[in-house]
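What follows is the content of final-v3.csv, which has CSV, C-alpha atoms and all ligand atoms:
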chain,number,residue,atom,x,y,z
A,1,MET,CA,82.8,118.5,80.1
A,2,ARG,CA,81.0,115.2,80.2
A,3,THR,CA,77.4,115.4,79.3
A,4,ILE,CA,74.4,113.7,77.8
A,5,LEU,CA,71.5,115.2,75.7
A,6,ILE,CA,68.2,113.6,76.2
A,7,GLY,CA,65.0,114.4,74.2
A,8,PRO,CA,62.6,112.9,71.7
A,9,PRO,CA,63.7,112.4,68.1
A,10,GLY,CA,63.6,115.8,66.3
A,11,ALA,CA,63.9,117.8,69.6
A,12,GLY,CA,67.0,119.4,68.2
A,13,LYS,CA,69.6,117.3,70.0
A,14,GLY,CA,71.9,117.0,66.9
A,15,THR,CA,71.8,120.7,66.1
A,16,GLN,CA,72.5,121.8,69.7
A,17,ALA,CA,75.1,119.1,70.2
A,18,LYS,CA,77.3,120.5,67.4
A,19,ILE,CA,77.3,124.0,69.0
A,20,ILE,CA,78.0,122.7,72.5
A,21,CYS,CA,80.8,120.4,71.3
A,22,GLU,CA,82.5,123.2,69.4
A,23,LYS,CA,82.3,125.5,72.4
A,24,TYR,CA,83.8,122.9,74.8
A,25,GLY,CA,86.1,121.2,72.3
A,26,ILE,CA,84.7,117.8,73.0
A,27,PRO,CA,83.6,115.1,70.6
A,28,GLN,CA,79.9,114.5,69.9
A,29,ILE,CA,79.1,110.9,70.3
A,30,SER,CA,75.9,110.2,68.4
A,31,THR,CA,75.0,106.5,68.4
A,32,GLY,CA,72.5,107.3,65.6
A,33,ASP,CA,75.4,108.6,63.4
A,34,MET,CA,77.6,105.7,64.4
A,35,LEU,CA,74.9,103.1,63.6
A,36,ARG,CA,74.1,104.8,60.2
A,37,GLU,CA,77.8,104.6,59.4
A,38,HIS,CA,77.9,100.9,60.2
A,39,LYS,CA,74.8,100.5,58.0
A,40,ARG,CA,76.4,102.4,55.1
A,41,ASN,CA,79.6,100.3,55.4
A,42,LYS,CA,77.5,97.1,55.7
A,43,THR,CA,79.5,95.9,58.7
A,44,PRO,CA,78.0,92.9,60.7
A,45,LEU,CA,76.9,95.4,63.3
A,46,GLY,CA,75.3,97.6,60.7
A,47,LEU,CA,73.5,94.7,59.1
A,48,GLU,CA,72.2,93.7,62.5
A,49,ALA,CA,71.0,97.2,63.4
A,50,ALA,CA,69.5,98.1,60.1
A,51,LYS,CA,66.2,96.2,60.5
A,52,ALA,CA,65.4,97.9,63.8
A,53,MET,CA,66.4,101.4,62.6
A,54,ASP,CA,64.4,101.2,59.4
A,55,ALA,CA,61.3,100.2,61.4
A,56,GLY,CA,61.8,103.1,63.9
A,57,LEU,CA,62.6,100.6,66.7
A,58,LEU,CA,65.5,100.6,69.1
A,59,VAL,CA,68.6,98.6,68.3
A,60,PRO,CA,69.3,95.9,71.0
A,61,ASP,CA,71.1,97.3,74.1
A,62,ALA,CA,74.0,94.8,73.8
A,63,VAL,CA,74.8,96.1,70.3
A,64,VAL,CA,74.8,99.8,71.3
A,65,ILE,CA,76.5,99.3,74.6
A,66,GLY,CA,79.5,97.4,73.0
A,67,MET,CA,79.8,100.1,70.3
A,68,VAL,CA,79.9,102.9,72.9
A,69,GLU,CA,82.4,101.2,75.2
A,70,GLU,CA,84.7,101.0,72.3
A,71,ARG,CA,84.2,104.6,71.4
A,72,LEU,CA,84.9,105.8,74.9
A,73,LYS,CA,88.4,104.4,74.7
A,74,ALA,CA,89.3,106.6,71.8
A,75,PRO,CA,91.9,109.3,72.6
A,76,ASP,CA,89.5,112.2,71.7
A,77,ALA,CA,87.0,111.1,74.4
A,78,GLN,CA,89.5,111.3,77.2
A,79,GLN,CA,89.0,115.0,77.9
A,80,GLY,CA,85.2,114.9,77.7
A,81,PHE,CA,82.3,114.0,75.5
A,82,LEU,CA,78.7,114.8,74.7
A,83,PHE,CA,76.4,111.8,74.1
A,84,ASP,CA,73.6,112.5,71.7
A,85,GLY,CA,71.1,109.6,71.5
A,86,PHE,CA,72.7,107.5,74.1
A,87,PRO,CA,71.6,106.2,76.6
A,88,ARG,CA,68.1,105.5,75.3
A,89,THR,CA,67.1,102.8,77.8
A,90,VAL,CA,67.6,102.3,81.5
A,91,PRO,CA,69.9,99.3,80.9
A,92,GLN,CA,72.1,101.5,78.6
A,93,ALA,CA,72.2,104.2,81.3
A,94,GLU,CA,73.2,101.6,84.0
A,95,SER,CA,75.9,100.2,81.7
A,96,LEU,CA,77.3,103.7,81.1
A,97,GLU,CA,77.2,104.5,84.8
A,98,ALA,CA,79.3,101.3,85.4
A,99,SER,CA,81.8,102.2,82.7
A,100,LEU,CA,82.3,105.7,84.0
A,101,LYS,CA,82.7,104.4,87.5
A,102,ARG,CA,85.4,102.0,86.3
A,103,LEU,CA,87.2,104.9,84.6
A,104,GLU,CA,86.7,107.1,87.7
A,105,LEU,CA,84.8,109.7,85.6
A,106,LYS,CA,81.8,111.7,86.6
A,107,LEU,CA,79.0,113.3,84.4
A,108,ASP,CA,78.7,117.0,84.7
A,109,GLY,CA,75.0,117.0,83.8
A,110,VAL,CA,72.3,115.6,81.7
A,111,VAL,CA,70.3,118.0,79.6
A,112,LEU,CA,66.7,117.2,78.7
A,113,ILE,CA,65.1,119.0,75.8
A,114,ASP,CA,61.6,119.2,77.0
A,115,ASN,CA,58.1,120.3,76.1
A,116,VAL,CA,58.2,119.6,72.4
A,117,PRO,CA,54.8,118.3,71.3
A,118,ASP,CA,54.7,115.1,69.2
A,119,ASP,CA,52.9,116.8,66.3
A,120,LEU,CA,55.6,119.5,66.1
A,121,ILE,CA,58.2,116.8,66.1
A,122,VAL,CA,56.6,115.0,63.2
A,123,GLU,CA,56.5,118.3,61.2
A,124,ARG,CA,60.2,119.0,62.1
A,125,ILE,CA,61.5,115.6,61.2
A,126,CYS,CA,59.5,115.1,58.0
A,127,GLY,CA,61.0,118.4,56.6
A,128,ARG,CA,64.5,117.6,57.8
A,129,ARG,CA,67.3,117.4,55.3
A,130,THR,CA,71.1,117.0,55.9
A,131,ASP,CA,73.8,118.4,53.6
A,132,LYS,CA,75.7,115.4,52.4
A,133,THR,CA,79.0,117.3,52.3
A,134,THR,CA,79.0,119.4,55.4
A,135,GLY,CA,76.6,117.5,57.7
A,136,GLN,CA,74.6,120.7,58.3
A,137,ILE,CA,71.0,120.1,59.2
A,138,TYR,CA,68.2,122.1,57.4
A,139,HIS,CA,64.4,122.2,57.4
A,140,ILE,CA,62.7,122.7,54.0
A,141,LYS,CA,60.3,125.3,55.5
A,142,TYR,CA,61.9,126.7,58.7
A,143,ASN,CA,65.6,126.7,57.8
A,144,PRO,CA,65.8,126.2,54.0
A,145,PRO,CA,69.0,124.8,52.5
A,146,PRO,CA,70.9,126.8,49.9
A,147,LEU,CA,70.1,126.2,46.3
A,148,GLY,CA,72.1,123.4,44.8
A,149,ALA,CA,73.0,121.8,48.1
A,150,ASP,CA,73.4,118.0,47.9
A,151,LEU,CA,70.9,116.8,50.5
A,152,ASP,CA,70.1,113.6,52.3
A,153,HIS,CA,66.7,112.6,53.6
A,154,ARG,CA,67.0,109.9,56.2
A,155,ALA,CA,65.3,106.6,55.5
A,156,ASP,CA,63.5,106.7,58.9
A,157,ASP,CA,62.3,110.3,58.6
A,158,LYS,CA,58.9,109.2,57.1
A,159,GLU,CA,55.8,110.1,59.2
A,160,GLU,CA,54.9,106.5,60.0
A,161,THR,CA,58.4,105.6,61.2
A,162,VAL,CA,58.7,108.9,63.1
A,163,ARG,CA,55.5,108.0,65.0
A,164,LYS,CA,57.1,104.6,65.9
A,165,ARG,CA,60.3,106.4,67.1
A,166,LEU,CA,58.1,108.6,69.3
A,167,THR,CA,56.4,105.6,70.8
A,168,GLU,CA,59.8,104.1,71.6
A,169,TYR,CA,60.9,107.3,73.2
A,170,HIS,CA,57.8,107.5,75.5
A,171,ALA,CA,58.0,103.8,76.3
A,172,GLN,CA,61.7,103.4,76.9
A,173,THR,CA,63.7,106.6,76.8
A,174,ALA,CA,61.5,108.8,79.0
A,175,ALA,CA,62.4,106.5,81.9
A,176,LEU,CA,65.8,108.1,81.9
A,177,ILE,CA,64.2,111.3,83.2
A,178,PRO,CA,63.6,110.0,86.8
A,179,PHE,CA,66.8,107.9,86.5
A,180,TYR,CA,69.0,111.1,86.2
A,181,GLU,CA,66.7,113.2,88.3
A,182,SER,CA,67.3,110.9,91.2
A,183,ARG,CA,71.0,111.3,90.8
A,184,GLY,CA,70.7,115.1,90.8
A,185,LEU,CA,72.0,115.4,87.3
A,186,LEU,CA,69.0,116.4,85.3
A,187,ARG,CA,68.7,119.9,83.8
A,188,ARG,CA,65.5,120.8,81.8
A,189,VAL,CA,65.4,123.2,78.9
A,190,HIS,CA,62.3,124.3,77.0
A,191,GLY,CA,62.7,122.9,73.5
A,192,VAL,CA,60.2,125.2,71.6
A,193,GLY,CA,61.4,128.5,70.3
A,194,GLU,CA,64.3,130.2,68.6
A,195,MET,CA,67.3,127.8,68.2
A,196,SER,CA,69.6,130.4,69.7
A,197,ALA,CA,67.5,130.8,72.8
A,198,ILE,CA,67.5,127.0,73.3
A,199,THR,CA,71.3,127.0,73.0
A,200,GLU,CA,71.6,129.7,75.6
A,201,GLN,CA,69.4,127.8,78.1
A,202,MET,CA,71.6,124.7,77.4
A,203,LEU,CA,74.8,126.5,78.1
A,204,ALA,CA,73.4,128.0,81.2
A,205,ALA,CA,72.2,124.6,82.3
A,206,LEU,CA,75.6,123.1,81.9
A,207,GLN,CA,77.3,125.8,83.9
A,208,ALA,CA,74.9,125.4,86.8
A,209,LYS,CA,76.3,122.5,88.7
B,301,LIG,P1,66.6,110.4,66.5
B,301,LIG,O1,67.1,110.9,67.8
B,301,LIG,O2,66.3,111.5,65.5
B,301,LIG,O3,65.5,109.4,66.5
B,301,LIG,P2,69.1,109.0,66.0
B,301,LIG,O4,69.9,109.4,64.8
B,301,LIG,O5,69.6,109.3,67.3
B,301,LIG,O6,67.7,109.6,65.7
B,301,LIG,O7,68.8,107.4,65.9
B,301,LIG,C1,68.3,106.8,64.8
B,301,LIG,C2,68.0,105.3,65.1
B,301,LIG,O8,69.2,104.6,65.5
B,301,LIG,C3,67.0,105.1,66.2
B,301,LIG,O9,65.6,105.1,65.8
B,301,LIG,C4,67.4,103.6,66.7
B,301,LIG,O10,66.9,102.7,65.8
B,301,LIG,C5,68.9,103.7,66.5
B,301,LIG,N1,69.6,104.1,67.8
B,301,LIG,C6,70.3,105.2,67.9
B,301,LIG,N2,70.8,105.3,69.2
B,301,LIG,C7,70.4,104.2,69.8
B,301,LIG,C8,70.5,103.7,71.2
B,301,LIG,N3,71.2,104.3,72.1
B,301,LIG,N4,69.8,102.5,71.5
B,301,LIG,C9,69.1,101.9,70.6
B,301,LIG,N5,68.9,102.3,69.3
B,301,LIG,C10,69.6,103.4,68.9

Mind turning the file's structure into structure tokens?
Amino acid sequence: MRTILIGPPGAGKGTQAKIICEKYGIPQISTGDMLREHKRNKTPLGLEAAKAMDAGLLVPDAVVIGMVEERLKAPDAQQGFLFDGFPRTVPQAESLEASLKRLELKLDGVVLIDNVPDDLIVERICGRRTDKTTGQIYHIKYNPPPLGADLDHRADDKEETVRKRLTEYHAQTAALIPFYESRGLLRRVHGVGEMSAITEQMLAALQAK
């Protein structure tokens, strides 16, 4: 399975990605997670990306594209992958298309998590916490973490920064919808409702080729 999840920040990509990856035994390639790791380790790439990330802006295409090309060469990506948070711009999508063509690989489908209103996104993200040990994602109101869990609150999960990330999504990432639609790859799922119902729609969308 080679697939991409598209959707605004907070649409549930990360949560759903984990379930799908487990089911298909493929790696989840999250450029957000990779960039945060670079930032934590203070690598040159991380230091370059940090400014944009903390401001809720996109990291330059060249930085992200180089990082993904490297990641695609790893042994675990040879049998399939799920991209979560990449591509986020048309140049990124074009670069991925060229890489896959070179490797003679085809995407099975691109799933768009759709119909999540911006205000709901802000509420979801501002309440989001991640367990530092397990990586499990919680919401302080809708999916409360267990007592005593060691939680992380992302630096860019403040309302003002979330609004910037949404602006970036509408201005740059939404252009991927017609891009993949014109290639016959786009599958839409309705992103509001029970998490399990959304998972079901996604799995059905990936099977419908
Ligand atoms: P979310 O989808 O919740 O906004 P991510 O964890 O995917 O969060 O990304 C966090 C930040 O990392 C983004 O706001 C952006 O600064 C940077 N980033 C992640 N992926 C990309 C990408 N493909 N292109 C440019 N910037 C990216």

Item to complete: Could you give me, as a ChimeraX atom specification, the residues within 10 Å of Ile140 (chain A), counting all atoms listed in the file and dropping anything in the same chain fewer than 5 positions from it?
Response: /A:124,126-129,145

Can you pull out every residue within 12 Å of Asp150 (chain A), counting only C-alpha atoms, but drop anything in the same chain fewer than 2 positions away, and send it as a PDB file with C-alpha atoms, keeping the file's coordinate frame?
ATOM      1  CA  ARG A 129      67.300 117.400  55.300  1.00  0.00           C
ATOM      2  CA  THR A 130      71.100 117.000  55.900  1.00  0.00           C
ATOM      3  CA  ASP A 131      73.800 118.400  53.600  1.00  0.00           C
ATOM      4  CA  LYS A 132      75.700 115.400  52.400  1.00  0.00           C
ATOM      5  CA  THR A 133      79.000 117.300  52.300  1.00  0.00           C
ATOM      6  CA  THR A 134      79.000 119.400  55.400  1.00  0.00           C
ATOM      7  CA  GLY A 135      76.600 117.500  57.700  1.00  0.00           C
ATOM      8  CA  GLN A 136      74.600 120.700  58.300  1.00  0.00           C
ATOM      9  CA  ILE A 137      71.000 120.100  59.200  1.00  0.00           C
ATOM     10  CA  TYR A 138      68.200 122.100  57.400  1.00  0.00           C
ATOM     11  CA  PRO A 145      69.000 124.800  52.500  1.00  0.00           C
ATOM     12  CA  PRO A 146      70.900 126.800  49.900  1.00  0.00           C
ATOM     13  CA  LEU A 147      70.100 126.200  46.300  1.00  0.00           C
ATOM     14  CA  GLY A 148      72.100 123.400  44.800  1.00  0.00           C
ATOM     15  CA  ASP A 152      70.100 113.600  52.300  1.00  0.00           C
ATOM     16  CA  HIS A 153      66.700 112.600  53.600  1.00  0.00           C
TER      17      HIS A 153
END

For the interface of region 72-181 of chain A with region 24-33 of chain A (cut-off 8 Å, counting all atoms listed in the file), please tabulate each contacting residue of region 72-181 of chain A alongside its nearest pair of atoms and their separation in Å to one decimal, rows sorted by chain and increasing number, as CSV.
residue,atom,partner,partner_atom,distance
A:Asp76,CA,A:Pro27,CA,6.7
A:Ala77,CA,A:Pro27,CA,6.5
A:Gln79,CA,A:Ile26,CA,7.1
A:Gly80,CA,A:Ile26,CA,5.5
A:Phe81,CA,A:Ile26,CA,5.1
A:Leu82,CA,A:Gln28,CA,5.0
A:Phe83,CA,A:Ile29,CA,4.7
A:Asp84,CA,A:Ser30,CA,4.6
A:Gly85,CA,A:Ser30,CA,5.7
A:Phe86,CA,A:Thr31,CA,6.2

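Based on all atoms listed in the file, the protein and nucleic acid residues found within 7 Å of ligand LIG 301 (chain B) are, by chain and then by number, Pro8, Pro9, Gly10, Ser30, Thr31, Gly32, Asp33, Leu35, Ala52, Met53, Gly56, Leu57, Leu58, Val59, Pro60, Asp61, Val64, Asp84, Gly85, Phe86, Pro87, Arg88, Thr89 and Arg165 of chain A.
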
Discussion item. Need to verify the contact set: Tyr180 (chain A), 10 Å, all atoms listed in the file, exclusion of same-chain residues closer than 2 positions in sequence. Can you return it as a ChimeraX atom specification?
Written reply: /A:93,109-112,175-178,182-187

Worksheet, complete the sentence: Separating CA of Val189 (chain A) from CA of Gly7 (chain A), to the nearest tenth of an Å, is a gap of 10.0 Å

Worksheet item: For the atom pair CA of Ala74 (chain A) and CA of Ser99 (chain A), what is the interatomic distance in Å to one decimal place?
Response: 13.9 Å

Worksheet item: Quick one: distance from CA of Val63 (chain A) to CA of Ala11 (chain A) in Å, one decimal?
Response: 24.3 Å

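For the set A:Thr161, A:Ser196, A:Asn41, A:Gln207, the residue with the smallest atom-to-atom gap to Arg2 (chain A) is A:Gln207, counting only C-alpha atoms.
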
Discussion item. Please determine, counting all atoms listed in the file, which residue among A:Asn115, A:Gln16, A:Gln78, A:Thr173 has the shortest atom-to-atom distance to Leu100 (chain A).
Written reply: A:Gln78

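Minimum distance to Ala50 (chain A) across A:Glu168, A:Leu206, A:Val68, A:Ala155 (counting only C-alpha atoms) occurs at A:Ala155.
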
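Counting all atoms listed in the file and comparing A:Glu194, A:Leu103, A:Asp119, A:Leu47, the residue that lies closest to Lys73 (chain A) is A:Leu103.
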
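Proximity of A:His139, A:Lys106, A:His190, A:Lys23 to Ile4 (chain A), computed with all atoms listed in the file, is greatest for A:Lys106.
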
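Proximity to Leu203 (chain A) was assessed for A:Ala17, A:Ile6, A:Ile121, A:Lys101 counting all atoms listed in the file; the smallest distance is recorded for A:Ala17.
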